[in-house]
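Text of structure-v4.pdb (PDB, C-alpha atoms, pLDDT in the B column) as supplied:
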ATOM      1  CA  MET D  44     -12.061   7.862 -13.522  1.00 95.00           C
ATOM      2  CA  HIS D  45     -12.715   4.132 -13.116  1.00 96.00           C
ATOM      3  CA  ILE D  46     -10.636   2.543 -10.338  1.00 97.00           C
ATOM      4  CA  VAL D  47     -10.412  -1.199  -9.692  1.00 96.00           C
ATOM      5  CA  CYS D  48      -9.261  -2.104  -6.174  1.00 97.00           C
ATOM      6  CA  LEU D  49      -7.638  -5.528  -5.711  1.00 97.00           C
ATOM      7  CA  GLN D  50      -8.291  -6.813  -2.173  1.00 97.00           C
ATOM      8  CA  HIS D  51      -6.457  -9.809  -0.710  1.00 98.00           C
ATOM      9  CA  VAL D  52      -8.329 -10.146   2.611  1.00 98.00           C
ATOM     10  CA  PRO D  53     -11.692  -8.778   3.749  1.00 97.00           C
ATOM     11  CA  PHE D  54     -10.135  -6.496   6.377  1.00 97.00           C
ATOM     12  CA  GLU D  55      -7.774  -4.539   4.077  1.00 97.00           C
ATOM     13  CA  GLY D  56      -9.809  -2.344   1.766  1.00 97.00           C
ATOM     14  CA  PRO D  57      -9.133   1.014   0.089  1.00 98.00           C
ATOM     15  CA  GLY D  58      -9.475   2.998   3.321  1.00 98.00           C
ATOM     16  CA  ALA D  59      -9.070   6.733   2.790  1.00 98.00           C
ATOM     17  CA  VAL D  60      -8.491   6.212  -0.945  1.00 98.00           C
ATOM     18  CA  ALA D  61     -12.229   5.490  -1.177  1.00 98.00           C
ATOM     19  CA  ASP D  62     -12.912   8.840   0.510  1.00 98.00           C
ATOM     20  CA  TRP D  63     -10.636  10.577  -1.989  1.00 98.00           C
ATOM     21  CA  ALA D  64     -12.310   8.813  -4.926  1.00 98.00           C
ATOM     22  CA  GLN D  65     -15.779   9.792  -3.735  1.00 98.00           C
ATOM     23  CA  ALA D  66     -14.739  13.410  -3.171  1.00 98.00           C
ATOM     24  CA  ARG D  67     -13.278  13.596  -6.683  1.00 98.00           C
ATOM     25  CA  GLY D  68     -16.237  11.914  -8.392  1.00 98.00           C
ATOM     26  CA  HIS D  69     -14.348   8.742  -9.354  1.00 98.00           C
ATOM     27  CA  VAL D  70     -15.870   5.259  -9.452  1.00 96.00           C
ATOM     28  CA  LEU D  71     -14.082   2.680  -7.274  1.00 97.00           C
ATOM     29  CA  ARG D  72     -14.929  -1.001  -7.734  1.00 94.00           C
ATOM     30  CA  PRO D  73     -13.540  -3.598  -5.319  1.00 95.00           C
ATOM     31  CA  LEU D  74     -12.348  -6.919  -6.704  1.00 95.00           C
ATOM     32  CA  ARG D  75     -12.149  -9.508  -3.914  1.00 96.00           C
ATOM     33  CA  LEU D  76      -9.437 -11.977  -4.885  1.00 95.00           C
ATOM     34  CA  TYR D  77      -9.750 -13.803  -1.554  1.00 94.00           C
ATOM     35  CA  ALA D  78     -13.374 -14.621  -2.444  1.00 95.00           C
ATOM     36  CA  GLY D  79     -12.484 -16.002  -5.854  1.00 93.00           C
ATOM     37  CA  GLU D  80     -13.727 -13.058  -7.909  1.00 93.00           C
ATOM     38  CA  PRO D  81     -12.158 -13.306 -11.384  1.00 90.00           C
ATOM     39  CA  LEU D  82      -9.506 -10.955 -12.679  1.00 87.00           C
ATOM     40  CA  TYR D  83     -11.426  -9.966 -15.779  1.00 75.00           C
ATOM     41  CA  ARG D  84     -10.121  -7.245 -18.108  1.00 75.00           C
ATOM     42  CA  ILE D  85      -8.836  -5.101 -15.258  1.00 79.00           C
ATOM     43  CA  GLU D  86      -6.390  -3.498 -17.683  1.00 73.00           C
ATOM     44  CA  GLN D  87      -9.393  -1.499 -18.950  1.00 78.00           C
ATOM     45  CA  ALA D  88      -9.564   0.394 -15.641  1.00 91.00           C
ATOM     46  CA  ASP D  89      -8.054   3.872 -15.589  1.00 96.00           C
ATOM     47  CA  LEU D  90      -6.305   3.125 -12.293  1.00 97.00           C
ATOM     48  CA  LEU D  91      -5.492  -0.164 -10.586  1.00 97.00           C
ATOM     49  CA  LEU D  92      -5.239  -0.011  -6.785  1.00 98.00           C
ATOM     50  CA  VAL D  93      -3.482  -2.991  -5.159  1.00 98.00           C
ATOM     51  CA  MET D  94      -4.015  -3.334  -1.417  1.00 98.00           C
ATOM     52  CA  GLY D  95      -2.194  -5.101   1.412  1.00 98.00           C
ATOM     53  CA  GLY D  96      -2.575  -8.453   3.118  1.00 97.00           C
ATOM     54  CA  PRO D  97      -0.784 -10.821   5.482  1.00 97.00           C
ATOM     55  CA  MET D  98       0.486 -13.128   2.736  1.00 97.00           C
ATOM     56  CA  GLY D  99       3.756 -12.637   0.873  1.00 97.00           C
ATOM     57  CA  VAL D 100       4.360 -12.168  -2.843  1.00 98.00           C
ATOM     58  CA  HIS D 101       5.948 -15.622  -3.080  1.00 97.00           C
ATOM     59  CA  ASP D 102       3.067 -17.501  -1.377  1.00 97.00           C
ATOM     60  CA  GLU D 103       1.634 -18.755  -4.672  1.00 95.00           C
ATOM     61  CA  THR D 104       1.160 -22.321  -3.387  1.00 95.00           C
ATOM     62  CA  ARG D 105      -1.110 -21.196  -0.543  1.00 95.00           C
ATOM     63  CA  HIS D 106      -2.720 -18.451  -2.627  1.00 95.00           C
ATOM     64  CA  PRO D 107      -2.766 -19.539  -6.294  1.00 93.00           C
ATOM     65  CA  TRP D 108      -4.481 -16.328  -7.361  1.00 93.00           C
ATOM     66  CA  LEU D 109      -1.249 -14.438  -6.683  1.00 96.00           C
ATOM     67  CA  LYS D 110       0.196 -15.757  -9.938  1.00 95.00           C
ATOM     68  CA  SER D 111      -2.750 -14.568 -12.013  1.00 94.00           C
ATOM     69  CA  GLU D 112      -2.752 -11.274 -10.112  1.00 96.00           C
ATOM     70  CA  LYS D 113       0.861 -10.619 -11.086  1.00 96.00           C
ATOM     71  CA  THR D 114      -0.018 -11.391 -14.703  1.00 94.00           C
ATOM     72  CA  ALA D 115      -2.953  -8.967 -14.516  1.00 94.00           C
ATOM     73  CA  ILE D 116      -0.786  -6.214 -13.002  1.00 95.00           C
ATOM     74  CA  ARG D 117       1.726  -6.714 -15.808  1.00 95.00           C
ATOM     75  CA  ALA D 118      -1.098  -6.504 -18.366  1.00 92.00           C
ATOM     76  CA  ALA D 119      -2.355  -3.263 -16.812  1.00 94.00           C
ATOM     77  CA  LEU D 120       1.134  -1.770 -16.979  1.00 95.00           C
ATOM     78  CA  ASP D 121       1.607  -2.919 -20.562  1.00 94.00           C
ATOM     79  CA  ALA D 122      -1.732  -1.284 -21.413  1.00 93.00           C
ATOM     80  CA  GLY D 123      -0.411   2.019 -20.058  1.00 95.00           C
ATOM     81  CA  ARG D 124      -2.629   2.105 -16.975  1.00 96.00           C
ATOM     82  CA  GLN D 125      -1.616   3.710 -13.696  1.00 97.00           C
ATOM     83  CA  VAL D 126      -1.085   1.329 -10.777  1.00 98.00           C
ATOM     84  CA  ILE D 127      -0.810   2.197  -7.078  1.00 98.00           C
ATOM     85  CA  GLY D 128       0.183  -0.357  -4.444  1.00 98.00           C
ATOM     86  CA  PHE D 129       0.198  -0.273  -0.652  1.00 98.00           C
ATOM     87  CA  CYS D 130       2.216  -2.723   1.497  1.00 98.00           C
ATOM     88  CA  LEU D 131       1.713  -6.135  -0.182  1.00 98.00           C
ATOM     89  CA  GLY D 132       0.530  -4.205  -3.233  1.00 98.00           C
ATOM     90  CA  ALA D 133       3.818  -2.297  -3.336  1.00 98.00           C
ATOM     91  CA  GLN D 134       5.754  -5.555  -3.004  1.00 98.00           C
ATOM     92  CA  LEU D 135       3.748  -7.072  -5.859  1.00 98.00           C
ATOM     93  CA  LEU D 136       4.583  -4.080  -8.040  1.00 98.00           C
ATOM     94  CA  ALA D 137       8.276  -4.406  -7.185  1.00 98.00           C
ATOM     95  CA  ASP D 138       8.162  -8.127  -7.996  1.00 98.00           C
ATOM     96  CA  VAL D 139       6.385  -7.585 -11.328  1.00 98.00           C
ATOM     97  CA  LEU D 140       8.981  -4.931 -12.216  1.00 98.00           C
ATOM     98  CA  GLY D 141      11.831  -7.361 -11.534  1.00 98.00           C
ATOM     99  CA  ALA D 142      12.995  -6.159  -8.108  1.00 98.00           C
ATOM    100  CA  ALA D 143      13.652  -8.494  -5.176  1.00 98.00           C
ATOM    101  CA  VAL D 144      11.146  -8.848  -2.328  1.00 98.00           C
ATOM    102  CA  THR D 145      12.765 -10.188   0.855  1.00 98.00           C
ATOM    103  CA  ARG D 146      12.422 -10.167   4.628  1.00 98.00           C
ATOM    104  CA  ASN D 147      13.052  -6.795   6.227  1.00 98.00           C
ATOM    105  CA  PRO D 148      15.807  -6.870   8.869  1.00 97.00           C
ATOM    106  CA  GLU D 149      13.094  -6.290  11.506  1.00 98.00           C
ATOM    107  CA  PRO D 150       9.298  -6.318  11.354  1.00 98.00           C
ATOM    108  CA  GLU D 151       7.817  -2.824  11.419  1.00 98.00           C
ATOM    109  CA  VAL D 152       4.358  -2.584  12.986  1.00 98.00           C
ATOM    110  CA  GLY D 153       2.925   0.614  14.412  1.00 98.00           C
ATOM    111  CA  TRP D 154       3.276   4.374  14.054  1.00 99.00           C
ATOM    112  CA  PHE D 155       6.751   5.566  13.043  1.00 98.00           C
ATOM    113  CA  PRO D 156       8.068   8.568  11.100  1.00 98.00           C
ATOM    114  CA  VAL D 157       8.637   8.292   7.367  1.00 98.00           C
ATOM    115  CA  ARG D 158      11.380  10.503   5.961  1.00 98.00           C
ATOM    116  CA  PRO D 159      11.129  11.917   2.437  1.00 98.00           C
ATOM    117  CA  GLU D 160      14.009  10.938   0.163  1.00 98.00           C
ATOM    118  CA  SER D 161      12.386  13.018  -2.569  1.00 96.00           C
ATOM    119  CA  PRO D 162      10.298  16.137  -1.866  1.00 95.00           C
ATOM    120  CA  ARG D 163       7.720  15.092  -4.462  1.00 96.00           C
ATOM    121  CA  TYR D 164       4.832  14.638  -1.991  1.00 98.00           C
ATOM    122  CA  PHE D 165       6.025  15.860   1.424  1.00 98.00           C
ATOM    123  CA  GLU D 166       9.089  17.653   2.734  1.00 97.00           C
ATOM    124  CA  GLN D 167       9.250  16.832   6.462  1.00 97.00           C
ATOM    125  CA  PRO D 168       9.115  13.482   8.328  1.00 98.00           C
ATOM    126  CA  LEU D 169       5.531  12.295   8.655  1.00 98.00           C
ATOM    127  CA  ARG D 170       4.128   9.738  11.090  1.00 98.00           C
ATOM    128  CA  MET D 171       2.515   6.846   9.245  1.00 98.00           C
ATOM    129  CA  LEU D 172       1.104   3.459  10.136  1.00 99.00           C
ATOM    130  CA  HIS D 173       3.278   0.446   9.237  1.00 98.00           C
ATOM    131  CA  TRP D 174       2.472  -3.272   9.201  1.00 98.00           C
ATOM    132  CA  HIS D 175       4.979  -5.450   7.391  1.00 98.00           C
ATOM    133  CA  GLY D 176       7.723  -8.028   7.753  1.00 98.00           C
ATOM    134  CA  ASP D 177       8.966  -7.970   4.141  1.00 98.00           C
ATOM    135  CA  THR D 178      10.520  -5.244   2.045  1.00 98.00           C
ATOM    136  CA  PHE D 179      11.343  -4.570  -1.604  1.00 98.00           C
ATOM    137  CA  ALA D 180      14.359  -3.442  -3.560  1.00 98.00           C
ATOM    138  CA  LEU D 181      13.907  -0.497  -5.884  1.00 98.00           C
ATOM    139  CA  PRO D 182      13.062  -1.482  -9.468  1.00 98.00           C
ATOM    140  CA  ASP D 183      15.294  -0.236 -12.252  1.00 97.00           C
ATOM    141  CA  GLY D 184      14.496   3.362 -13.082  1.00 97.00           C
ATOM    142  CA  ALA D 185      12.419   3.938  -9.933  1.00 98.00           C
ATOM    143  CA  GLU D 186      12.530   7.164  -7.945  1.00 98.00           C
ATOM    144  CA  TRP D 187      13.154   6.516  -4.227  1.00 98.00           C
ATOM    145  CA  LEU D 188      10.448   8.440  -2.377  1.00 98.00           C
ATOM    146  CA  ALA D 189      10.830   7.718   1.333  1.00 98.00           C
ATOM    147  CA  SER D 190      12.449   5.702   4.111  1.00 98.00           C
ATOM    148  CA  SER D 191      12.101   4.961   7.820  1.00 98.00           C
ATOM    149  CA  GLU D 192      14.591   3.929  10.473  1.00 98.00           C
ATOM    150  CA  ALA D 193      13.420   0.323  10.298  1.00 98.00           C
ATOM    151  CA  CYS D 194      12.932   0.069   6.535  1.00 98.00           C
ATOM    152  CA  ALA D 195      14.998   1.831   3.885  1.00 98.00           C
ATOM    153  CA  HIS D 196      12.501   1.544   1.049  1.00 98.00           C
ATOM    154  CA  GLN D 197       9.153   2.989   2.083  1.00 98.00           C
ATOM    155  CA  GLY D 198       8.106   4.250  -1.328  1.00 98.00           C
ATOM    156  CA  PHE D 199       9.000   4.446  -4.987  1.00 98.00           C
ATOM    157  CA  GLN D 200       7.595   5.811  -8.219  1.00 98.00           C
ATOM    158  CA  VAL D 201       8.229   4.879 -11.835  1.00 98.00           C
ATOM    159  CA  GLY D 202       7.349   7.733 -14.159  1.00 97.00           C
ATOM    160  CA  ARG D 203       3.677   8.689 -14.116  1.00 96.00           C
ATOM    161  CA  GLN D 204       2.559   5.059 -14.099  1.00 97.00           C
ATOM    162  CA  VAL D 205       3.625   3.292 -10.889  1.00 98.00           C
ATOM    163  CA  LEU D 206       3.356   4.490  -7.277  1.00 98.00           C
ATOM    164  CA  ALA D 207       4.211   2.139  -4.408  1.00 98.00           C
ATOM    165  CA  TRP D 208       4.189   2.587  -0.615  1.00 98.00           C
ATOM    166  CA  GLN D 209       5.346   0.047   1.950  1.00 98.00           C
ATOM    167  CA  CYS D 210       3.563   1.923   4.742  1.00 98.00           C
ATOM    168  CA  HIS D 211      -0.197   2.478   5.008  1.00 98.00           C
ATOM    169  CA  PRO D 212      -1.101   6.129   4.276  1.00 98.00           C
ATOM    170  CA  GLU D 213      -4.605   4.893   3.382  1.00 98.00           C
ATOM    171  CA  ALA D 214      -5.318   3.503   6.872  1.00 98.00           C
ATOM    172  CA  LYS D 215      -8.182   4.893   8.953  1.00 98.00           C
ATOM    173  CA  PRO D 216      -8.760   4.482  12.719  1.00 98.00           C
ATOM    174  CA  ALA D 217     -11.204   1.623  12.110  1.00 98.00           C
ATOM    175  CA  ASP D 218      -8.521  -0.182  10.101  1.00 98.00           C
ATOM    176  CA  ALA D 219      -6.038   0.025  12.975  1.00 98.00           C
ATOM    177  CA  ARG D 220      -8.638  -1.307  15.410  1.00 98.00           C
ATOM    178  CA  THR D 221      -9.377  -4.217  13.060  1.00 98.00           C
ATOM    179  CA  TRP D 222      -5.767  -5.074  12.253  1.00 98.00           C
ATOM    180  CA  VAL D 223      -4.701  -5.385  15.900  1.00 98.00           C
ATOM    181  CA  VAL D 224      -7.321  -8.140  16.186  1.00 98.00           C
ATOM    182  CA  GLU D 225      -7.018  -9.843  12.786  1.00 98.00           C
ATOM    183  CA  CYS D 226      -3.201  -9.716  12.786  1.00 98.00           C
ATOM    184  CA  ALA D 227      -2.584 -10.025  16.526  1.00 98.00           C
ATOM    185  CA  GLY D 228       0.105 -12.639  15.881  1.00 97.00           C
ATOM    186  CA  ASP D 229       2.308  -9.927  14.355  1.00 98.00           C
ATOM    187  CA  LEU D 230       2.442  -7.973  17.619  1.00 98.00           C
ATOM    188  CA  VAL D 231       5.617  -9.603  18.891  1.00 97.00           C
ATOM    189  CA  GLN D 232       8.332  -8.219  21.128  1.00 97.00           C
ATOM    190  CA  ALA D 233      10.648  -6.471  18.676  1.00 98.00           C
ATOM    191  CA  PRO D 234      12.388  -3.099  18.392  1.00 98.00           C
ATOM    192  CA  TRP D 235       9.976  -1.719  15.789  1.00 98.00           C
ATOM    193  CA  VAL D 236       6.714  -3.341  16.867  1.00 98.00           C
ATOM    194  CA  GLN D 237       4.231  -1.452  19.044  1.00 98.00           C
ATOM    195  CA  ASP D 238       1.543  -3.145  21.111  1.00 98.00           C
ATOM    196  CA  ALA D 239      -2.160  -3.007  20.256  1.00 98.00           C
ATOM    197  CA  ALA D 240      -2.998  -0.359  22.831  1.00 98.00           C
ATOM    198  CA  ARG D 241      -0.303   1.972  21.505  1.00 98.00           C
ATOM    199  CA  ILE D 242      -1.356   1.497  17.882  1.00 98.00           C
ATOM    200  CA  VAL D 243      -5.047   2.259  18.422  1.00 98.00           C
ATOM    201  CA  ALA D 244      -4.263   5.205  20.741  1.00 98.00           C
ATOM    202  CA  GLU D 245      -2.652   7.242  17.938  1.00 98.00           C
ATOM    203  CA  PRO D 246      -4.301  10.681  17.918  1.00 98.00           C
ATOM    204  CA  GLU D 247      -6.655  11.750  15.153  1.00 98.00           C
ATOM    205  CA  ALA D 248      -4.168  14.446  14.153  1.00 98.00           C
ATOM    206  CA  SER D 249      -1.793  11.779  12.805  1.00 98.00           C
ATOM    207  CA  TYR D 250      -4.494  10.391  10.510  1.00 98.00           C
ATOM    208  CA  THR D 251      -5.446  13.900   9.405  1.00 98.00           C
ATOM    209  CA  ALA D 252      -1.868  14.759   8.422  1.00 98.00           C
ATOM    210  CA  MET D 253      -1.317  11.403   6.736  1.00 98.00           C
ATOM    211  CA  HIS D 254      -4.539  11.651   4.719  1.00 98.00           C
ATOM    212  CA  ARG D 255      -3.771  15.221   3.725  1.00 98.00           C
ATOM    213  CA  MET D 256      -0.540  13.961   2.191  1.00 98.00           C
ATOM    214  CA  LEU D 257      -2.400  11.013   0.610  1.00 98.00           C
ATOM    215  CA  PHE D 258      -5.054  13.184  -1.029  1.00 98.00           C
ATOM    216  CA  GLY D 259      -2.460  15.605  -2.359  1.00 98.00           C
ATOM    217  CA  MET D 260      -0.311  12.741  -3.656  1.00 98.00           C
ATOM    218  CA  LEU D 261      -3.251  11.091  -5.432  1.00 98.00           C
ATOM    219  CA  ASP D 262      -4.283  14.399  -6.994  1.00 98.00           C
ATOM    220  CA  ILE D 263      -0.762  14.969  -8.345  1.00 98.00           C
ATOM    221  CA  PHE D 264      -0.233  11.392  -9.502  1.00 98.00           C
ATOM    222  CA  THR D 265      -3.548  11.084 -11.346  1.00 98.00           C
ATOM    223  CA  ASP D 266      -3.617  14.599 -12.825  1.00 94.00           C
TER
END
For this file, write the structure as structure tokens.
Amino acid sequence: MHIVCLQHVPFEGPGAVADWAQARGHVLRPLRLYAGEPLYRIEQADLLLVMGGPMGVHDETRHPWLKSEKTAIRAALDAGRQVIGFCLGAQLLADVLGAAVTRNPEPEVGWFPVRPESPRYFEQPLRMLHWHGDTFALPDGAEWLASSEACAHQGFQVGRQVLAWQCHPEAKPADARTWVVECAGDLVQAPWVQDAARIVAEPEASYTAMHRMLFGMLDIFTD
């Protein structure tokens, strides 16, 4: 399988998805939009992976490539390709599919349980890493996958083609250590925001459980 990974900032890459791809013998190619790399024929990829970033889906003036990225995601969908989005990537998918992307009632940053609304990929609440201030509505025809106390829409799926997660099941410990530095301004006093020390102190067992779910989900979705 040929996977193209759309990256919006240098510090948000594919994370554990790259480990899954390597273990399964897939080819993963990063496409660095923040560095001006062109969106060229990405609809020919078997799978499009859309990562996160601190910008919002409506920030097209500050980040003009967002407009062409949305067009490219639409082209990939129209070509019948599978698309997976995390955080900003999930919001971009919702936007392309006609659903609203708005501010969440509260920012959600840190480790909090995600509850399954569908047993498709996991059946019990699972601790996951969150880092967002926005949220999405569910597109027409989407299956609601998960929620958290701070954010109702943590995941959705549309058929066998679209998979979107507001949280970060792909995150690795090195990502958390980087994000608390690169996105330190997000660590404000708020009900659903943990401090840097708490975020990076999360035990390895949480990552192990989260990545186990991620690998199983990717196997099912791409089968």
Show which residues sit within 12 Å of D:Trp222, as a list in words. Count all atoms listed in the file, and ignore same-chain residues fewer than 5 positions away.
Val52, Pro53, Phe54, Glu55, Gly56, Gly95, Gly96, Pro97, Val152, Gly153, Leu172, His173, Trp174, His175, His211, Ala214, Lys215, Pro216, Ala217, Ala227, Gly228, Asp229, Leu230, Asp238, Ala239, Ala240, Ile242 and Val243 of chain D
Please enumerate the residues selected by the PyMOL selection byres ((chain D and resi 90) around 8) when evaluated against the supplied file, formatted as a VMD selection string.
chain D and resid 44 to 47 88 to 89 91 to 92 124 to 127
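Close contacts of D:Met256, defined as residues with an atom at most 12 Å away when counting only C-alpha atoms, with chain neighbours fewer than 5 positions off set aside, comprise Ala59, Val60, Trp63, Val157, Pro159, Pro162, Arg163, Tyr164, Phe165, Glu166, Gln167, Pro168, Leu169, Arg170, Met171, His211, Pro212, Glu213, Ser249, Tyr250, Thr251, Leu261, Asp262, Ile263 and Phe264 of chain D.
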Work out how far atom CA of D:Val93 is from atom CA of D:Pro57, in Å to one decimal.
8.7 Å
Show me, as a ChimeraX atom specification, the residues that have an atom within 12 Å of D:Pro150 when counting all atoms listed in the file, minus same-chain residues fewer than 2 positions from it.
/D:145-148,152-153,173-178,192-194,229-237
Counting all atoms listed in the file, figure out which residue out of D:Asp102, D:Glu225, D:Glu160, D:Glu186 gets nearest to D:Val144.
D:Asp102
Assuming the chain letters and numbering stay as they are in my file, what does the PyMOL selection byres ((chain D and resi 76) around 7) actually select? List them as a ChimeraX atom specification.
/D:49-51,74-75,77-80
